[in-house]
>>> print(open('query-v6.pdb').read())   # PDB, C-alpha atoms, pLDDT in the B column
ATOM      1  CA  MET A   1     -20.194  11.865 -66.797  1.00 62.00           C
ATOM      2  CA  GLU A   2     -19.531   8.219 -67.434  1.00 64.00           C
ATOM      3  CA  LEU A   3     -22.504   6.176 -68.611  1.00 67.00           C
ATOM      4  CA  PRO A   4     -22.566   2.396 -68.781  1.00 64.00           C
ATOM      5  CA  SER A   5     -22.618   1.141 -72.357  1.00 76.00           C
ATOM      6  CA  GLU A   6     -25.789  -0.839 -71.555  1.00 83.00           C
ATOM      7  CA  SER A   7     -28.368   1.798 -70.608  1.00 91.00           C
ATOM      8  CA  LEU A   8     -32.031   2.643 -71.106  1.00 95.00           C
ATOM      9  CA  LEU A   9     -33.841   5.031 -73.423  1.00 96.00           C
ATOM     10  CA  LEU A  10     -36.943   6.551 -71.877  1.00 98.00           C
ATOM     11  CA  ARG A  11     -39.329   7.829 -74.542  1.00 98.00           C
ATOM     12  CA  ILE A  12     -42.382   9.850 -73.534  1.00 97.00           C
ATOM     13  CA  PHE A  13     -45.189  10.664 -75.989  1.00 95.00           C
ATOM     14  CA  VAL A  14     -47.472  13.554 -74.982  1.00 93.00           C
ATOM     15  CA  GLY A  15     -49.378  16.405 -76.582  1.00 90.00           C
ATOM     16  CA  GLU A  16     -47.891  19.838 -77.071  1.00 89.00           C
ATOM     17  CA  SER A  17     -50.711  21.435 -75.071  1.00 89.00           C
ATOM     18  CA  ASP A  18     -50.380  19.091 -72.047  1.00 92.00           C
ATOM     19  CA  LYS A  19     -49.566  20.984 -68.850  1.00 94.00           C
ATOM     20  CA  ALA A  20     -47.933  20.320 -65.479  1.00 94.00           C
ATOM     21  CA  GLU A  21     -48.387  22.987 -62.815  1.00 90.00           C
ATOM     22  CA  GLY A  22     -49.214  25.619 -65.438  1.00 92.00           C
ATOM     23  CA  LYS A  23     -46.231  25.016 -67.741  1.00 95.00           C
ATOM     24  CA  PRO A  24     -45.846  22.785 -70.774  1.00 96.00           C
ATOM     25  CA  LEU A  25     -45.520  19.153 -69.651  1.00 97.00           C
ATOM     26  CA  TYR A  26     -42.490  18.528 -71.886  1.00 97.00           C
ATOM     27  CA  GLU A  27     -40.732  21.481 -70.244  1.00 97.00           C
ATOM     28  CA  ALA A  28     -41.558  20.252 -66.730  1.00 97.00           C
ATOM     29  CA  ILE A  29     -40.224  16.779 -67.578  1.00 97.00           C
ATOM     30  CA  VAL A  30     -36.952  18.144 -68.972  1.00 97.00           C
ATOM     31  CA  GLU A  31     -36.488  20.452 -65.980  1.00 97.00           C
ATOM     32  CA  GLU A  32     -37.053  17.551 -63.560  1.00 97.00           C
ATOM     33  CA  ALA A  33     -34.589  15.362 -65.474  1.00 97.00           C
ATOM     34  CA  ARG A  34     -32.001  18.154 -65.333  1.00 96.00           C
ATOM     35  CA  LYS A  35     -32.608  18.706 -61.620  1.00 96.00           C
ATOM     36  CA  ARG A  36     -31.903  15.001 -61.059  1.00 95.00           C
ATOM     37  CA  GLY A  37     -28.580  15.235 -62.922  1.00 93.00           C
ATOM     38  CA  MET A  38     -29.623  12.921 -65.731  1.00 93.00           C
ATOM     39  CA  ALA A  39     -27.358  12.664 -68.765  1.00 89.00           C
ATOM     40  CA  GLY A  40     -29.604  14.713 -71.051  1.00 90.00           C
ATOM     41  CA  ALA A  41     -33.020  15.083 -72.628  1.00 96.00           C
ATOM     42  CA  THR A  42     -34.278  15.980 -76.084  1.00 97.00           C
ATOM     43  CA  VAL A  43     -37.759  17.172 -77.046  1.00 97.00           C
ATOM     44  CA  LEU A  44     -38.983  16.421 -80.563  1.00 96.00           C
ATOM     45  CA  ARG A  45     -42.083  18.083 -82.002  1.00 91.00           C
ATOM     46  CA  GLY A  46     -44.054  15.985 -84.444  1.00 85.00           C
ATOM     47  CA  PHE A  47     -45.861  17.376 -87.437  1.00 79.00           C
ATOM     48  CA  LEU A  48     -48.340  14.506 -87.736  1.00 77.00           C
ATOM     49  CA  GLY A  49     -49.648  11.835 -85.395  1.00 75.00           C
ATOM     50  CA  PHE A  50     -52.526  10.335 -83.458  1.00 72.00           C
ATOM     51  CA  GLY A  51     -52.965   8.886 -80.017  1.00 71.00           C
ATOM     52  CA  ALA A  52     -55.375   6.695 -78.093  1.00 69.00           C
ATOM     53  CA  ASN A  53     -58.443   8.638 -79.302  1.00 69.00           C
ATOM     54  CA  SER A  54     -57.354   8.171 -82.973  1.00 65.00           C
ATOM     55  CA  ARG A  55     -57.794  11.896 -83.678  1.00 67.00           C
ATOM     56  CA  ILE A  56     -55.237  13.158 -86.222  1.00 67.00           C
ATOM     57  CA  HIS A  57     -52.978  16.002 -85.049  1.00 63.00           C
ATOM     58  CA  THR A  58     -51.226  17.778 -87.901  1.00 62.00           C
ATOM     59  CA  SER A  59     -49.285  20.933 -88.643  1.00 59.00           C
ATOM     60  CA  LYS A  60     -50.891  21.317 -92.100  1.00 57.00           C
ATOM     61  CA  VAL A  61     -52.143  24.852 -92.597  1.00 55.00           C
ATOM     62  CA  LEU A  62     -55.663  23.788 -93.570  1.00 54.00           C
ATOM     63  CA  ARG A  63     -55.997  21.511 -90.512  1.00 53.00           C
ATOM     64  CA  LEU A  64     -54.186  23.574 -87.924  1.00 54.00           C
ATOM     65  CA  SER A  65     -53.820  21.648 -84.684  1.00 55.00           C
ATOM     66  CA  GLU A  66     -52.873  23.246 -81.408  1.00 65.00           C
ATOM     67  CA  ASP A  67     -51.917  19.923 -79.882  1.00 75.00           C
ATOM     68  CA  LEU A  68     -49.130  18.481 -81.995  1.00 85.00           C
ATOM     69  CA  PRO A  69     -47.373  15.319 -80.813  1.00 90.00           C
ATOM     70  CA  VAL A  70     -44.276  15.785 -78.663  1.00 94.00           C
ATOM     71  CA  VAL A  71     -41.686  13.123 -77.832  1.00 97.00           C
ATOM     72  CA  ILE A  72     -39.211  13.509 -74.964  1.00 98.00           C
ATOM     73  CA  GLU A  73     -36.206  11.188 -75.053  1.00 98.00           C
ATOM     74  CA  ILE A  74     -33.898  10.610 -72.100  1.00 97.00           C
ATOM     75  CA  ALA A  75     -30.981   8.170 -72.177  1.00 94.00           C
ATOM     76  CA  ASP A  76     -29.332   7.255 -68.887  1.00 93.00           C
ATOM     77  CA  SER A  77     -28.434   4.352 -66.636  1.00 92.00           C
ATOM     78  CA  GLN A  78     -31.136   1.867 -65.691  1.00 93.00           C
ATOM     79  CA  GLU A  79     -30.984   2.971 -62.050  1.00 94.00           C
ATOM     80  CA  ARG A  80     -31.528   6.666 -62.830  1.00 95.00           C
ATOM     81  CA  ILE A  81     -34.327   6.016 -65.307  1.00 96.00           C
ATOM     82  CA  GLU A  82     -36.141   3.645 -62.945  1.00 96.00           C
ATOM     83  CA  ALA A  83     -35.829   6.144 -60.073  1.00 97.00           C
ATOM     84  CA  PHE A  84     -37.420   8.811 -62.316  1.00 97.00           C
ATOM     85  CA  LEU A  85     -40.434   6.695 -63.359  1.00 97.00           C
ATOM     86  CA  PRO A  86     -42.649   7.120 -60.233  1.00 97.00           C
ATOM     87  CA  ASP A  87     -42.449  10.918 -60.410  1.00 95.00           C
ATOM     88  CA  LEU A  88     -42.937  10.868 -64.176  1.00 96.00           C
ATOM     89  CA  ASP A  89     -46.083   8.786 -63.652  1.00 95.00           C
ATOM     90  CA  LYS A  90     -47.476  11.523 -61.381  1.00 95.00           C
ATOM     91  CA  MET A  91     -46.772  14.204 -64.011  1.00 95.00           C
ATOM     92  CA  ILE A  92     -48.408  12.501 -66.995  1.00 94.00           C
ATOM     93  CA  GLY A  93     -52.192  12.422 -67.154  1.00 89.00           C
ATOM     94  CA  GLU A  94     -52.413  11.141 -70.727  1.00 88.00           C
ATOM     95  CA  GLY A  95     -49.711   9.791 -73.007  1.00 90.00           C
ATOM     96  CA  LEU A  96     -47.428   6.854 -73.657  1.00 93.00           C
ATOM     97  CA  VAL A  97     -44.136   5.990 -71.956  1.00 96.00           C
ATOM     98  CA  THR A  98     -41.730   3.383 -73.339  1.00 97.00           C
ATOM     99  CA  LEU A  99     -38.385   1.970 -72.269  1.00 97.00           C
ATOM    100  CA  GLU A 100     -35.793   0.421 -74.530  1.00 96.00           C
ATOM    101  CA  LYS A 101     -32.476  -1.189 -73.759  1.00 95.00           C
ATOM    102  CA  ILE A 102     -29.799   0.711 -75.646  1.00 92.00           C
ATOM    103  CA  ARG A 103     -26.058   0.448 -76.134  1.00 89.00           C
ATOM    104  CA  ILE A 104     -24.274   3.782 -75.813  1.00 85.00           C
ATOM    105  CA  ILE A 105     -21.369   4.026 -78.218  1.00 83.00           C
ATOM    106  CA  ALA A 106     -20.122   7.501 -77.283  1.00 79.00           C
ATOM    107  CA  TYR A 107     -21.153  10.207 -74.843  1.00 74.00           C
ATOM    108  CA  ARG A 108     -18.879  13.228 -75.043  1.00 76.00           C
ATOM    109  CA  HIS A 109     -19.099  16.793 -73.886  1.00 72.00           C
ATOM    110  CA  THR A 110     -16.681  19.659 -73.673  1.00 74.00           C
ATOM    111  CA  LYS A 111     -15.941  21.576 -70.522  1.00 73.00           C
ATOM    112  CA  ASP A 112     -17.597  24.984 -70.390  1.00 67.00           C
ATOM    113  CA  LYS A 113     -14.904  27.514 -71.349  1.00 61.00           C
ATOM    114  CA  SER A 114     -16.661  30.595 -69.947  1.00 57.00           C
TER     115      SER A 114
END
>>> encode(input="query-v6.pdb", output="C-alpha coordinates")
Amino acid sequence: MELPSESLLLRIFVGESDKAEGKPLYEAIVEEARKRGMAGATVLRGFLGFGANSRIHTSKVLRLSEDLPVVIEIADSQERIEAFLPDLDKMIGEGLVTLEKIRIIAYRHTKDKS
(Lines of atoms letter the chains of each structure in order from A and count residues from 1; the text may use other names and numbers.)
(Lines give C-alpha, C1' and ligand atoms only; values in the text may rest on other atoms or scores of the structure.)
Protein backbone atom coordinates (compact mmCIF):
# COMPACT_ATOMS: atom_id res chain seq x y z
CA MET A 1 0.00 0.00 0.00
CA GLU A 2 1.31 3.40 -0.95
CA LEU A 3 0.56 6.20 1.50
CA PRO A 4 1.07 9.87 0.76
CA SER A 5 3.93 11.34 2.78
CA GLU A 6 1.53 14.00 4.13
CA SER A 7 -1.11 12.04 6.04
CA LEU A 8 -3.13 12.18 9.25
CA LEU A 9 -2.75 10.49 12.62
CA LEU A 10 -6.06 9.70 14.28
CA ARG A 11 -5.65 9.25 18.03
CA ILE A 12 -8.57 8.00 20.11
CA PHE A 13 -8.54 8.08 23.92
CA VAL A 14 -11.07 5.80 25.65
CA GLY A 15 -11.35 3.64 28.74
CA GLU A 16 -10.42 -0.02 28.77
CA SER A 17 -13.91 -0.98 29.95
CA ASP A 18 -15.77 0.99 27.23
CA LYS A 19 -17.92 -1.26 25.05
CA ALA A 20 -19.41 -1.27 21.55
CA GLU A 21 -22.04 -3.91 20.82
CA GLY A 22 -20.83 -6.06 23.72
CA LYS A 23 -17.12 -6.07 22.85
CA PRO A 24 -14.30 -3.81 23.96
CA LEU A 25 -14.55 -0.46 22.15
CA TYR A 26 -10.86 -0.47 21.20
CA GLU A 27 -11.34 -3.87 19.56
CA ALA A 28 -14.43 -2.72 17.64
CA ILE A 29 -12.55 0.35 16.38
CA VAL A 30 -9.57 -1.69 15.18
CA GLU A 31 -11.83 -4.24 13.49
CA GLU A 32 -13.73 -1.46 11.68
CA ALA A 33 -10.47 0.16 10.57
CA ARG A 34 -9.25 -3.20 9.23
CA LYS A 35 -12.55 -3.83 7.45
CA ARG A 36 -12.13 -0.47 5.70
CA GLY A 37 -8.63 -1.41 4.50
CA MET A 38 -6.87 1.28 6.50
CA ALA A 39 -3.09 1.17 6.70
CA GLY A 40 -2.97 -0.09 10.29
CA ALA A 41 -3.95 0.52 13.89
CA THR A 42 -2.18 0.21 17.23
CA VAL A 43 -3.76 0.00 20.68
CA LEU A 44 -1.75 1.28 23.63
CA ARG A 45 -2.78 0.55 27.22
CA GLY A 46 -1.91 3.24 29.72
CA PHE A 47 -0.90 2.56 33.28
CA LEU A 48 -1.91 5.97 34.62
CA GLY A 49 -4.25 8.72 33.46
CA PHE A 50 -7.38 10.76 33.99
CA GLY A 51 -10.15 12.04 31.78
CA ALA A 52 -12.90 14.63 31.81
CA ASN A 53 -14.12 13.61 35.29
CA SER A 54 -10.56 14.03 36.71
CA ARG A 55 -10.70 10.60 38.37
CA ILE A 56 -7.27 8.91 38.40
CA HIS A 57 -7.07 5.51 36.67
CA THR A 58 -3.96 3.55 37.62
CA SER A 59 -2.52 0.07 37.41
CA LYS A 60 -0.91 0.34 40.88
CA VAL A 61 -1.71 -2.72 42.95
CA LEU A 62 -3.06 -0.74 45.90
CA ARG A 63 -5.37 1.33 43.67
CA LEU A 64 -6.45 -1.29 41.18
CA SER A 65 -8.50 0.25 38.39
CA GLU A 66 -10.59 -1.76 35.99
CA ASP A 67 -10.80 1.11 33.53
CA LEU A 68 -7.26 1.94 32.49
CA PRO A 69 -6.72 4.47 29.70
CA VAL A 70 -6.47 3.09 26.17
CA VAL A 71 -5.19 4.96 23.10
CA ILE A 72 -5.88 3.76 19.55
CA GLU A 73 -3.66 5.25 16.85
CA ILE A 74 -4.41 5.03 13.14
CA ALA A 75 -2.25 6.65 10.47
CA ASP A 76 -3.64 6.90 6.95
CA SER A 77 -4.49 9.32 4.17
CA GLN A 78 -6.64 12.33 4.97
CA GLU A 79 -9.47 10.98 2.81
CA ARG A 80 -9.62 7.60 4.58
CA ILE A 81 -9.41 9.10 8.05
CA GLU A 82 -12.10 11.69 7.32
CA ALA A 83 -14.39 9.00 5.86
CA PHE A 84 -13.96 6.98 9.09
CA LEU A 85 -14.82 9.85 11.46
CA PRO A 86 -18.67 9.79 11.20
CA ASP A 87 -18.82 6.08 12.07
CA LEU A 88 -16.23 6.51 14.81
CA ASP A 89 -18.39 9.28 16.30
CA LYS A 90 -21.31 6.83 16.52
CA MET A 91 -19.14 4.25 18.31
CA ILE A 92 -17.69 6.51 21.01
CA GLY A 93 -19.94 7.55 23.87
CA GLU A 94 -17.19 9.08 26.00
CA GLY A 95 -13.59 9.86 25.15
CA LEU A 96 -11.33 12.17 23.19
CA VAL A 97 -10.47 12.06 19.48
CA THR A 98 -7.60 14.06 17.97
CA LEU A 99 -6.16 14.51 14.50
CA GLU A 100 -2.62 15.51 13.67
CA LYS A 101 -0.95 16.17 10.36
CA ILE A 102 1.98 13.79 10.04
CA ARG A 103 4.74 13.14 7.54
CA ILE A 104 5.25 9.45 6.81
CA ILE A 105 8.90 8.65 6.27
CA ALA A 106 8.59 4.91 5.58
CA TYR A 107 5.77 2.39 5.43
CA ARG A 108 7.02 -1.08 4.60
CA HIS A 109 5.60 -4.55 4.87
CA THR A 110 6.64 -7.94 3.63
CA LYS A 111 4.48 -10.19 1.54
CA ASP A 112 2.96 -13.07 3.48
CA LYS A 113 5.11 -16.13 2.71
CA SER A 114 2.59 -18.75 3.84
>>> resolve_selection(input="query-v6.pdb", expression="the PyMOL selection byres ((chain A and resi 7) around 10)", output="VMD selection string")
chain A and resid 3 to 6 8 to 10 75 to 81 100 to 104
>>> resolve_selection(input="query-v6.pdb", expression="the PyMOL selection byres ((chain A and resi 15-19) around 12)", output="NGL selection string")
:A and (12-14 or 20-29 or 43-52 or 55-59 or 65-72 or 91-96)
>>> atom_distance(input="query-v6.pdb", atom1="CA of Gly37 (chain A)", atom2="CA of Val97 (chain A)")
20.2 Å
>>> atom_distance(input="query-v6.pdb", atom1="CA of Thr42 (chain A)", atom2="CA of Arg11 (chain A)")
9.7 Å
>>> atom_distance(input="query-v6.pdb", atom1="CA of Ala106 (chain A)", atom2="CA of Arg34 (chain A)")
19.9 Å
>>> closest_residue(input="query-v6.pdb", among="A:Ile105, A:Lys111, A:Arg36, A:Ala41", to="Ile74 (chain A)", atoms="all atoms listed in the file")
A:Ala41
>>> decode(input="query-v6.pdb", residues="region 66-87 of chain A", atoms="N, CA and C atoms", output="short mmCIF file (atom, residue, chain, number, x, y, z; two decimals), in the first residue's frame")
data_model
loop_
_atom_site.label_atom_id
_atom_site.label_comp_id
_atom_site.auth_asym_id
_atom_site.auth_seq_id
_atom_site.Cartn_x
_atom_site.Cartn_y
_atom_site.Cartn_z
N GLU A 66 -10.14 -0.86 37.05
CA GLU A 66 -10.59 -1.76 35.99
C GLU A 66 -10.90 -0.98 34.72
N ASP A 67 -10.52 0.28 34.70
CA ASP A 67 -10.80 1.11 33.53
C ASP A 67 -9.57 1.94 33.18
N LEU A 68 -8.49 1.25 32.84
CA LEU A 68 -7.26 1.94 32.49
C LEU A 68 -7.42 2.68 31.16
N PRO A 69 -6.63 3.74 30.96
CA PRO A 69 -6.72 4.47 29.70
C PRO A 69 -6.20 3.63 28.53
N VAL A 70 -6.87 3.78 27.39
CA VAL A 70 -6.47 3.09 26.17
C VAL A 70 -6.41 4.13 25.06
N VAL A 71 -5.35 4.06 24.24
CA VAL A 71 -5.19 4.96 23.10
C VAL A 71 -5.11 4.11 21.85
N ILE A 72 -5.93 4.43 20.86
CA ILE A 72 -5.88 3.76 19.55
C ILE A 72 -5.31 4.76 18.57
N GLU A 73 -4.27 4.38 17.85
CA GLU A 73 -3.66 5.25 16.85
C GLU A 73 -3.81 4.63 15.47
N ILE A 74 -4.25 5.46 14.53
CA ILE A 74 -4.41 5.03 13.14
C ILE A 74 -3.82 6.11 12.25
N ALA A 75 -2.85 5.72 11.43
CA ALA A 75 -2.25 6.65 10.47
C ALA A 75 -2.69 6.23 9.08
N ASP A 76 -3.21 7.19 8.32
CA ASP A 76 -3.64 6.90 6.95
C ASP A 76 -3.80 8.21 6.21
N SER A 77 -4.28 8.12 4.98
CA SER A 77 -4.49 9.32 4.17
C SER A 77 -5.61 10.16 4.77
N GLN A 78 -5.61 11.43 4.47
CA GLN A 78 -6.64 12.33 4.97
C GLN A 78 -8.03 11.87 4.54
N GLU A 79 -8.17 11.41 3.31
CA GLU A 79 -9.47 10.98 2.81
C GLU A 79 -10.02 9.79 3.59
N ARG A 80 -9.17 8.79 3.85
CA ARG A 80 -9.62 7.60 4.58
C ARG A 80 -9.97 7.91 6.03
N ILE A 81 -9.14 8.73 6.66
CA ILE A 81 -9.41 9.10 8.05
C ILE A 81 -10.71 9.89 8.14
N GLU A 82 -10.89 10.87 7.27
CA GLU A 82 -12.10 11.69 7.32
C GLU A 82 -13.36 10.87 7.02
N ALA A 83 -13.26 9.87 6.15
CA ALA A 83 -14.39 9.00 5.86
C ALA A 83 -14.75 8.12 7.06
N PHE A 84 -13.78 7.82 7.90
CA PHE A 84 -13.96 6.98 9.09
C PHE A 84 -14.61 7.75 10.25
N LEU A 85 -14.40 9.06 10.31
CA LEU A 85 -14.82 9.85 11.46
C LEU A 85 -16.32 9.79 11.79
N PRO A 86 -17.24 9.86 10.83
CA PRO A 86 -18.67 9.79 11.20
C PRO A 86 -19.05 8.48 11.90
N ASP A 87 -18.52 7.36 11.43
CA ASP A 87 -18.82 6.08 12.07
C ASP A 87 -18.14 5.97 13.43
#
